[in-house]
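Data block for model_6.pdb (PDB, C-alpha atoms, pLDDT in the B column):
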MODEL        1
ATOM      1  CA  MET R  41       0.000   0.000   0.000  1.00 88.00           C
ATOM      2  CA  PRO R  42       1.475   3.403  -0.962  1.00 92.00           C
ATOM      3  CA  SER R  43       2.557   5.772   1.800  1.00 95.00           C
ATOM      4  CA  HIS R  44       1.412   9.379   2.138  1.00 96.00           C
ATOM      5  CA  PRO R  45       4.367  11.803   1.858  1.00 97.00           C
ATOM      6  CA  GLU R  46       4.684  14.865   4.075  1.00 97.00           C
ATOM      7  CA  ILE R  47       3.235  18.019   2.484  1.00 98.00           C
ATOM      8  CA  LEU R  48       4.379  21.476   3.599  1.00 98.00           C
ATOM      9  CA  TRP R  49       2.449  24.540   2.503  1.00 97.00           C
ATOM     10  CA  ALA R  50       2.312  28.309   2.833  1.00 97.00           C
ATOM     11  CA  GLN R  51       0.485  31.060   0.969  1.00 96.00           C
ATOM     12  CA  ARG R  52       0.256  34.706  -0.009  1.00 94.00           C
ATOM     13  CA  SER R  53      -2.842  36.698  -0.924  1.00 94.00           C
ATOM     14  CA  SER R  54      -3.647  39.887  -2.812  1.00 90.00           C
ATOM     15  CA  GLU R  55      -6.768  41.604  -4.081  1.00 91.00           C
ATOM     16  CA  SER R  56      -4.945  43.248  -6.991  1.00 89.00           C
ATOM     17  CA  ASP R  57      -1.717  41.405  -7.826  1.00 89.00           C
ATOM     18  CA  GLU R  58      -2.225  37.855  -9.067  1.00 87.00           C
ATOM     19  CA  LYS R  59       1.504  37.174  -8.746  1.00 88.00           C
ATOM     20  CA  LYS R  60       1.110  37.543  -4.992  1.00 90.00           C
ATOM     21  CA  ASN R  61      -1.976  35.345  -4.846  1.00 94.00           C
ATOM     22  CA  ILE R  62      -0.217  32.008  -4.589  1.00 96.00           C
ATOM     23  CA  LEU R  63       0.300  28.745  -2.740  1.00 97.00           C
ATOM     24  CA  TYR R  64       3.679  27.228  -1.911  1.00 97.00           C
ATOM     25  CA  VAL R  65       3.312  23.450  -1.717  1.00 98.00           C
ATOM     26  CA  THR R  66       6.305  21.201  -1.025  1.00 98.00           C
ATOM     27  CA  VAL R  67       6.162  17.420  -1.186  1.00 98.00           C
ATOM     28  CA  ASN R  68       8.892  16.805   1.370  1.00 97.00           C
ATOM     29  CA  LEU R  69      10.202  13.560  -0.091  1.00 96.00           C
ATOM     30  CA  PRO R  70      13.893  13.000  -0.972  1.00 96.00           C
ATOM     31  CA  ASP R  71      15.197  10.801  -3.784  1.00 97.00           C
ATOM     32  CA  ILE R  72      12.057  10.833  -5.927  1.00 97.00           C
ATOM     33  CA  LYS R  73      12.524   8.743  -9.069  1.00 97.00           C
ATOM     34  CA  PRO R  74      11.786  11.194 -11.918  1.00 97.00           C
ATOM     35  CA  GLU R  75      10.639   8.469 -14.274  1.00 97.00           C
ATOM     36  CA  THR R  76       7.943   7.373 -11.798  1.00 97.00           C
ATOM     37  CA  LEU R  77       6.574  10.821 -10.990  1.00 98.00           C
ATOM     38  CA  GLU R  78       2.904  11.334 -11.837  1.00 98.00           C
ATOM     39  CA  TYR R  79       1.598  14.775 -10.919  1.00 98.00           C
ATOM     40  CA  ASN R  80      -1.709  16.289 -11.942  1.00 98.00           C
ATOM     41  CA  LEU R  81      -3.203  19.663 -11.085  1.00 98.00           C
ATOM     42  CA  THR R  82      -6.704  20.716 -12.094  1.00 98.00           C
ATOM     43  CA  PRO R  83      -8.573  23.861 -11.033  1.00 98.00           C
ATOM     44  CA  THR R  84     -10.043  21.994  -8.071  1.00 98.00           C
ATOM     45  CA  HIS R  85      -7.852  18.949  -7.452  1.00 98.00           C
ATOM     46  CA  ILE R  86      -4.233  17.903  -6.930  1.00 98.00           C
ATOM     47  CA  SER R  87      -2.741  14.422  -7.145  1.00 98.00           C
ATOM     48  CA  PHE R  88       0.770  12.995  -6.816  1.00 98.00           C
ATOM     49  CA  LYS R  89       2.257   9.549  -7.250  1.00 98.00           C
ATOM     50  CA  ALA R  90       5.900   8.473  -7.315  1.00 98.00           C
ATOM     51  CA  LYS R  91       8.496   6.007  -6.142  1.00 97.00           C
ATOM     52  CA  ALA R  92      11.232   7.328  -3.854  1.00 97.00           C
ATOM     53  CA  GLY R  93      14.304   5.908  -2.159  1.00 95.00           C
ATOM     54  CA  ASN R  94      17.937   5.123  -2.806  1.00 92.00           C
ATOM     55  CA  ALA R  95      19.145   1.545  -2.543  1.00 88.00           C
ATOM     56  CA  GLU R  96      22.802   2.636  -2.758  1.00 89.00           C
ATOM     57  CA  LYS R  97      22.322   4.733   0.395  1.00 88.00           C
ATOM     58  CA  GLY R  98      20.398   1.995   2.126  1.00 90.00           C
ATOM     59  CA  ILE R  99      17.098   3.887   1.789  1.00 89.00           C
ATOM     60  CA  GLU R 100      14.296   1.511   0.879  1.00 92.00           C
ATOM     61  CA  GLU R 101      12.412   2.400  -2.270  1.00 94.00           C
ATOM     62  CA  LYS R 102       8.700   2.884  -1.608  1.00 96.00           C
ATOM     63  CA  ASP R 103       5.592   4.024  -3.425  1.00 98.00           C
ATOM     64  CA  TYR R 104       4.054   7.320  -2.321  1.00 98.00           C
ATOM     65  CA  GLU R 105       0.875   9.056  -3.352  1.00 97.00           C
ATOM     66  CA  PHE R 106      -1.840  11.505  -2.343  1.00 97.00           C
ATOM     67  CA  SER R 107      -4.927  13.019  -3.894  1.00 96.00           C
ATOM     68  CA  PHE R 108      -7.370  15.632  -2.573  1.00 96.00           C
ATOM     69  CA  ASP R 109      -9.613  18.532  -3.546  1.00 97.00           C
ATOM     70  CA  LEU R 110      -8.246  22.022  -2.960  1.00 98.00           C
ATOM     71  CA  PHE R 111     -10.022  24.530  -0.733  1.00 97.00           C
ATOM     72  CA  GLU R 112     -10.757  26.832  -3.695  1.00 97.00           C
ATOM     73  CA  GLU R 113      -9.966  26.935  -7.399  1.00 97.00           C
ATOM     74  CA  VAL R 114      -6.472  27.464  -8.799  1.00 98.00           C
ATOM     75  CA  VAL R 115      -5.018  28.193 -12.237  1.00 97.00           C
ATOM     76  CA  PRO R 116      -2.943  25.186 -13.402  1.00 97.00           C
ATOM     77  CA  GLU R 117      -1.548  26.883 -16.537  1.00 96.00           C
ATOM     78  CA  GLU R 118      -0.080  29.681 -14.386  1.00 96.00           C
ATOM     79  CA  SER R 119       1.426  27.313 -11.853  1.00 97.00           C
ATOM     80  CA  SER R 120       4.897  25.769 -11.911  1.00 97.00           C
ATOM     81  CA  GLN R 121       6.829  22.852 -10.470  1.00 97.00           C
ATOM     82  CA  LYS R 122      10.407  21.948  -9.649  1.00 97.00           C
ATOM     83  CA  LEU R 123      11.865  18.567  -8.731  1.00 97.00           C
ATOM     84  CA  THR R 124      15.033  18.447  -6.635  1.00 97.00           C
ATOM     85  CA  SER R 125      16.882  15.619  -4.904  1.00 95.00           C
ATOM     86  CA  ARG R 126      15.189  16.587  -1.641  1.00 95.00           C
ATOM     87  CA  SER R 127      11.618  17.507  -2.591  1.00 97.00           C
ATOM     88  CA  PHE R 128       8.988  18.274  -5.223  1.00 98.00           C
ATOM     89  CA  ASN R 129       8.149  21.989  -5.093  1.00 98.00           C
ATOM     90  CA  LEU R 130       4.989  23.584  -6.437  1.00 98.00           C
ATOM     91  CA  LEU R 131       4.088  27.225  -6.945  1.00 97.00           C
ATOM     92  CA  ILE R 132       0.316  27.290  -7.493  1.00 98.00           C
ATOM     93  CA  ARG R 133      -1.658  30.355  -8.543  1.00 97.00           C
ATOM     94  CA  LYS R 134      -4.974  30.932  -6.765  1.00 97.00           C
ATOM     95  CA  LYS R 135      -7.823  31.807  -9.105  1.00 96.00           C
ATOM     96  CA  GLU R 136      -9.672  34.338  -6.982  1.00 95.00           C
ATOM     97  CA  LYS R 137      -7.761  37.456  -6.005  1.00 93.00           C
ATOM     98  CA  LYS R 138      -8.620  38.429  -2.445  1.00 92.00           C
ATOM     99  CA  ALA R 139      -6.854  39.606   0.671  1.00 91.00           C
ATOM    100  CA  GLU R 140      -8.010  36.779   2.932  1.00 94.00           C
ATOM    101  CA  TYR R 141      -5.939  33.651   3.363  1.00 96.00           C
ATOM    102  CA  TRP R 142      -7.300  30.193   2.751  1.00 96.00           C
ATOM    103  CA  PRO R 143      -8.117  28.676   6.154  1.00 96.00           C
ATOM    104  CA  ARG R 144      -6.695  25.336   4.978  1.00 96.00           C
ATOM    105  CA  LEU R 145      -5.285  23.633   1.889  1.00 97.00           C
ATOM    106  CA  THR R 146      -7.951  20.948   1.526  1.00 97.00           C
ATOM    107  CA  LYS R 147     -11.588  21.464   0.597  1.00 96.00           C
ATOM    108  CA  GLU R 148     -12.822  19.175   3.322  1.00 93.00           C
ATOM    109  CA  LYS R 149     -12.085  20.102   6.905  1.00 91.00           C
ATOM    110  CA  ILE R 150     -10.104  17.039   7.879  1.00 85.00           C
ATOM    111  CA  ARG R 151      -7.258  16.450  10.278  1.00 85.00           C
ATOM    112  CA  THR R 152      -4.183  14.830   8.837  1.00 87.00           C
ATOM    113  CA  GLN R 153      -0.657  14.426  10.143  1.00 92.00           C
ATOM    114  CA  PHE R 154       0.747  14.634   6.622  1.00 96.00           C
ATOM    115  CA  ILE R 155      -0.202  18.220   5.729  1.00 96.00           C
ATOM    116  CA  LYS R 156       1.751  20.794   7.740  1.00 96.00           C
ATOM    117  CA  THR R 157       2.484  24.517   7.690  1.00 95.00           C
ATOM    118  CA  ASP R 158       5.762  25.437   6.003  1.00 96.00           C
ATOM    119  CA  PHE R 159       7.102  27.883   8.590  1.00 94.00           C
ATOM    120  CA  SER R 160      10.151  28.649   6.435  1.00 94.00           C
ATOM    121  CA  LYS R 161       7.830  30.413   3.951  1.00 93.00           C
ATOM    122  CA  TRP R 162       4.873  31.379   6.081  1.00 91.00           C
ATOM    123  CA  VAL R 163       4.098  34.974   7.077  1.00 90.00           C
ATOM    124  CA  ASP R 164       0.974  36.251   8.770  1.00 87.00           C
ATOM    125  CA  GLU R 165      -1.743  37.674   6.583  1.00 85.00           C
ATOM    126  CA  ASP R 166      -1.163  41.228   7.832  1.00 81.00           C
ATOM    127  CA  GLU R 167       2.632  41.018   7.470  1.00 78.00           C
ATOM    128  CA  GLN R 168       2.979  39.842   3.880  1.00 74.00           C
ATOM    129  CA  GLU R 169       3.444  43.229   2.185  1.00 70.00           C
ATOM    130  CA  GLY R 170       6.594  43.172   0.027  1.00 58.00           C
ATOM    131  CA  ASP R 171       7.373  39.572   0.921  1.00 58.00           C
ATOM    132  CA  ALA R 172       5.662  37.508  -1.795  1.00 46.00           C
ATOM    133  CA  ALA R 173       7.797  38.738  -4.668  1.00 45.00           C
ATOM    134  CA  ALA R 174      10.990  37.794  -2.867  1.00 43.00           C
ATOM    135  CA  LEU R 175       9.768  34.267  -2.246  1.00 49.00           C
ATOM    136  CA  ASP R 176       8.662  34.014  -5.867  1.00 49.00           C
ATOM    137  CA  GLU R 177      12.248  34.736  -6.940  1.00 45.00           C
ATOM    138  CA  ASP R 178      13.571  32.173  -4.481  1.00 46.00           C
ATOM    139  CA  PHE R 179      11.370  29.517  -6.052  1.00 52.00           C
ATOM    140  CA  ASP R 180      12.613  30.387  -9.531  1.00 46.00           C
ATOM    141  CA  MET R 181      16.165  29.958  -8.292  1.00 36.00           C
ATOM    142  CA  GLY R 182      15.329  26.599  -6.792  1.00 38.00           C
ATOM    143  CA  GLY R 183      15.518  27.992  -3.288  1.00 36.00           C
ATOM    144  CA  MET R 184      19.204  28.852  -3.572  1.00 33.00           C
ATOM    145  CA  GLY R 185      18.578  32.539  -3.079  1.00 32.00           C
ATOM    146  CA  GLY R 186      16.905  31.888   0.213  1.00 33.00           C
ATOM    147  CA  MET R 187      19.732  29.857   1.677  1.00 34.00           C
ATOM    148  CA  GLY R 188      22.345  31.256   4.016  1.00 35.00           C
ATOM    149  CA  GLY R 189      25.131  31.262   1.476  1.00 36.00           C
ATOM    150  CA  MET R 190      25.205  35.014   1.114  1.00 37.00           C
ATOM    151  CA  PRO R 191      25.268  35.687   4.863  1.00 39.00           C
ATOM    152  CA  GLY R 192      28.023  33.088   5.048  1.00 41.00           C
ATOM    153  CA  MET R 193      30.034  35.100   2.576  1.00 42.00           C
ATOM    154  CA  GLY R 194      29.508  38.054   4.842  1.00 42.00           C
ATOM    155  CA  GLY R 195      31.194  36.051   7.555  1.00 43.00           C
ATOM    156  CA  MET R 196      34.299  35.550   5.458  1.00 43.00           C
ATOM    157  CA  PRO R 197      35.481  39.175   5.758  1.00 43.00           C
ATOM    158  CA  GLY R 198      35.270  38.704   9.500  1.00 44.00           C
ATOM    159  CA  MET R 199      37.655  35.793   9.202  1.00 45.00           C
ATOM    160  CA  GLY R 200      39.889  37.960   7.090  1.00 43.00           C
ATOM    161  CA  GLY R 201      39.845  40.498   9.889  1.00 42.00           C
ATOM    162  CA  MET R 202      41.229  37.891  12.231  1.00 43.00           C
ATOM    163  CA  GLY R 203      44.003  37.274   9.757  1.00 42.00           C
ATOM    164  CA  GLY R 204      44.667  40.996   9.691  1.00 42.00           C
ATOM    165  CA  MET R 205      45.196  41.003  13.450  1.00 44.00           C
ATOM    166  CA  GLY R 206      47.728  38.271  12.991  1.00 42.00           C
ATOM    167  CA  GLY R 207      49.488  40.442  10.444  1.00 42.00           C
ATOM    168  CA  MET R 208      49.765  43.271  12.970  1.00 46.00           C
ATOM    169  CA  ASP R 209      51.452  40.966  15.463  1.00 53.00           C
ATOM    170  CA  LEU R 210      53.884  39.808  12.798  1.00 48.00           C
ATOM    171  CA  ASP R 211      54.804  43.379  11.866  1.00 54.00           C
ATOM    172  CA  ALA R 212      55.425  44.189  15.487  1.00 50.00           C
ATOM    173  CA  MET R 213      57.643  41.141  15.878  1.00 48.00           C
ATOM    174  CA  LEU R 214      59.604  42.043  12.768  1.00 48.00           C
ATOM    175  CA  LYS R 215      60.150  45.561  14.069  1.00 49.00           C
ATOM    176  CA  SER R 216      61.366  44.242  17.406  1.00 52.00           C
ATOM    177  CA  MET R 217      63.640  41.713  15.708  1.00 52.00           C
ATOM    178  CA  GLY R 218      65.067  44.527  13.606  1.00 51.00           C
ATOM    179  CA  GLY R 219      66.553  46.058  16.747  1.00 48.00           C
ATOM    180  CA  GLY R 220      64.152  49.025  16.675  1.00 43.00           C
ATOM    181  CA  ALA R 221      63.368  51.228  19.645  1.00 42.00           C
ATOM    182  CA  GLY R 222      61.783  49.678  22.677  1.00 42.00           C
ATOM    183  CA  GLY R 223      58.551  51.454  21.688  1.00 40.00           C
ATOM    184  CA  ALA R 224      57.923  48.787  19.073  1.00 38.00           C
ATOM    185  CA  GLY R 225      57.885  46.208  21.803  1.00 40.00           C
ATOM    186  CA  ASP R 226      55.443  48.354  23.768  1.00 41.00           C
ATOM    187  CA  GLU R 227      52.988  48.410  20.817  1.00 40.00           C
ATOM    188  CA  ALA R 228      52.998  44.638  20.689  1.00 40.00           C
ATOM    189  CA  GLY R 229      52.691  44.400  24.432  1.00 40.00           C
ATOM    190  CA  PRO R 230      49.011  43.358  24.565  1.00 41.00           C
ATOM    191  CA  SER R 231      49.747  40.138  22.659  1.00 39.00           C
ATOM    192  CA  GLY R 232      51.642  37.217  24.094  1.00 40.00           C
ATOM    193  CA  ALA R 233      54.321  37.413  21.407  1.00 42.00           C
ATOM    194  CA  GLY R 234      54.785  41.122  22.001  1.00 42.00           C
ATOM    195  CA  GLY R 235      55.258  40.530  25.700  1.00 41.00           C
ATOM    196  CA  GLU R 236      58.129  38.136  25.029  1.00 43.00           C
ATOM    197  CA  SER R 237      59.753  40.531  22.569  1.00 42.00           C
ATOM    198  CA  ASP R 238      59.473  43.352  25.071  1.00 45.00           C
ATOM    199  CA  SER R 239      61.268  41.329  27.731  1.00 42.00           C
ATOM    200  CA  ASP R 240      64.051  40.486  25.265  1.00 45.00           C
ATOM    201  CA  ASP R 241      64.505  44.139  24.311  1.00 45.00           C
ATOM    202  CA  GLU R 242      65.070  45.074  27.948  1.00 45.00           C
ATOM    203  CA  GLY R 243      68.142  42.847  28.040  1.00 44.00           C
ATOM    204  CA  PRO R 244      70.635  44.692  25.752  1.00 46.00           C
ATOM    205  CA  PRO R 245      70.609  48.210  27.343  1.00 47.00           C
ATOM    206  CA  PRO R 246      72.243  47.093  30.632  1.00 46.00           C
ATOM    207  CA  LEU R 247      74.998  45.381  28.606  1.00 44.00           C
ATOM    208  CA  GLU R 248      75.631  48.572  26.594  1.00 44.00           C
ATOM    209  CA  GLU R 249      75.809  50.615  29.807  1.00 46.00           C
ATOM    210  CA  ALA R 250      78.152  48.094  31.351  1.00 44.00           C
ATOM    211  CA  GLU R 251      80.751  48.294  28.560  1.00 46.00           C
ATOM    212  CA  PRO R 252      81.763  51.977  29.109  1.00 47.00           C
ATOM    213  CA  LYS R 253      82.141  51.348  32.856  1.00 47.00           C
ATOM    214  CA  ALA R 254      84.486  48.464  32.130  1.00 43.00           C
TER     215      ALA R 254
ENDMDL
END

Translate this file's structure into structure tokens.
Amino acid sequence: MPSHPEILWAQRSSESDEKKNILYVTVNLPDIKPETLEYNLTPTHISFKAKAGNAEKGIEEKDYEFSFDLFEEVVPEESSQKLTSRSFNLLIRKKEKKAEYWPRLTKEKIRTQFIKTDFSKWVDEDEQEGDAAALDEDFDMGGMGGMGGMPGMGGMPGMGGMGGMGGMDLDAMLKSMGGGAGGAGDEAGPSGAGGESDSDDEGPPPLEEAEPKA
């Protein structure tokens, strides 16, 4: 008997902009076999059937499917889909433009453990202004734009800054090794290396003072 895959969903609504009147539906099922995928979307109904799994990774291959009526009508020809190694992603256009959210994804008011809110895409109805377009772009990019890669790049300059601090210590050590004034050792004083250099620099002056007395 086929299993029911996990379905994650979120939505946006608009009375005037149809591009912001959409559903985000994700069939959260990794390793879907593309050649077995059967997906059908009508104005009132959605159905999915596929085999998923990976024998090489020790993941048993199973049959999955679901089928249900949608809460209200959608526009299949203005909807899109994207299959990745981790999930099957749908961007579905609602037919009626209105500000109110759908209260649920299914037409019938039923409780199911398989249909869940996608909190990574969800925003409250009164907080969605300016947000739908950004998520639309993320979907077109396969979700890459929404990942933390760009903030991670922002972290790299911080790492570079740490390297810069190391460079300052090295310059100070080079100055102290060059027999410069004791002030160079004082600048490096806060670091451990600078402290050692400073103690070494204090050694020569007593020897220089001792030679004239001899």

Run the PyMOL selection byres ((chain R and resi 129) around 8) on the file and write out the hits as a PyMOL selection string. chain R and resi 64-67+121-124+127-128+130-131

So, with all atoms listed in the file as the atoms that count, which of R:Lys97, R:His44, R:Lys135, R:Lys73 lies closest to Ile155 (chain R)? R:His44

If the PyMOL selection byres ((chain R and resi 110-119) around 12) is run on the structure shown, which residues does it catch, given as a PyMOL selection string? chain R and resi 58-59+61-65+79-87+107-109+120-122+129-138+141-150+176+179-180

Proximity to Ser43 (chain R) - best of R:Glu165, R:Asp57, R:Glu78, R:Lys91, all atoms listed in the file: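 The answer is R:Lys91, which sits nearest to Ser43 (chain R).
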
Would you give the centre and edge lengths, in Å to one decimal, of a box along x, y and z around the listed atoms of region 124-133 of chain R, with 3 Å added to each side, as AutoDock Vina command-line options?
--center_x 7.6 --center_y 23.0 --center_z -5.1 --size_x 24.5 --size_y 20.7 --size_z 12.9

The PyMOL selection byres ((chain R and resi 102) around 10) resolved against shown file, as a PyMOL selection string: chain R and resi 41-43+72+90-94+99-101+103-104

Between R:Phe154, R:Phe88, R:Phe106, R:Trp162, which one has atoms that come closest to Ser53 (chain R), using all atoms listed in the file? R:Trp162

Fewer than 6 positions away in the same chain doesn't count, so skip those; otherwise give me all residues within 7 Å of Lys156 (chain R), counting only C-alpha atoms, as a PDB file with C-alpha atoms, in the coordinates of the input.
ATOM      1  CA  ILE R  47       3.235  18.019   2.484  1.00 98.00           C
ATOM      2  CA  LEU R  48       4.379  21.476   3.599  1.00 98.00           C
ATOM      3  CA  TRP R  49       2.449  24.540   2.503  1.00 97.00           C
TER       4      TRP R  49
END

Give me, please, the distance in Å between CA of Pro45 (chain R) and CA of Pro70 (chain R), quoted to one decimal.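 Answer for the CA of Pro45 (chain R) to CA of Pro70 (chain R) separation: 10.0 Å.
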
Which one of R:Glu105, R:Ala95, R:Glu46, R:Lys161 sits closest to Asn68 (chain R) if you count all atoms listed in the file?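 For Asn68 (chain R), the nearest of the candidates is R:Glu46.
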
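Separating CA of Ala139 (chain R) from CA of Glu169 (chain R) is a distance of 11.0 Å.
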